[in-house]
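Visitor: Sharing a structure with you now.
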Amino acid sequence: MTAEPGFPSRAQIAEGYAWRTGADLDELCWYEALALWKSAIFCEAMYTRWLDGQRPGDAFAEGLAEGVPALAEAAHAALGRRGEGGL
């Protein structure tokens with residue numbers, strides 16, 4: 001949700017979800033990696049349209065030159081947490 005003080009951490013949210021549903025979260029990191037990878041793909045499409053001049057003045061799209069690789073790296077890091085409880 002957010003990293004701001006007063007909000008639950010990702011681990012707390014996942015633990016609460018597992019407790020309430022009984023779901024096995026051993027592979028949660030795989031789903032996190034998938035979501036990050038899909039986000040990178042969508043953002044790459046936005047960035048490509050910005051490069052082609054289809055999104056003029058879009059500061060968000062301009063920042064995706066660094067944002068897309070960061071999303072891909074985060075997806076890779078999430079997969080690296082497999083077997084560590086998924087969080």
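In the structure tokens, chains take the letters A, B, ... in the order shown, each chain's residues start at 1, and ligands count up from 1 in the order shown.
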Check segment 1-74 of chain A with DSSP on the backbone and list each residue it calls helix (DSSP H, G or I), as a PyMOL selection string.

Guide: chain A and resi 10-21+28-51+59-62+64-74

Visitor: Just want the 10 Å neighbourhood of segment 70-85 of chain A, counted on only C-alpha atoms, with same-chain residues fewer than 6 positions away dropped. Output as number ranges by chain.

Guide: A: 11, 25-41, 43, 64
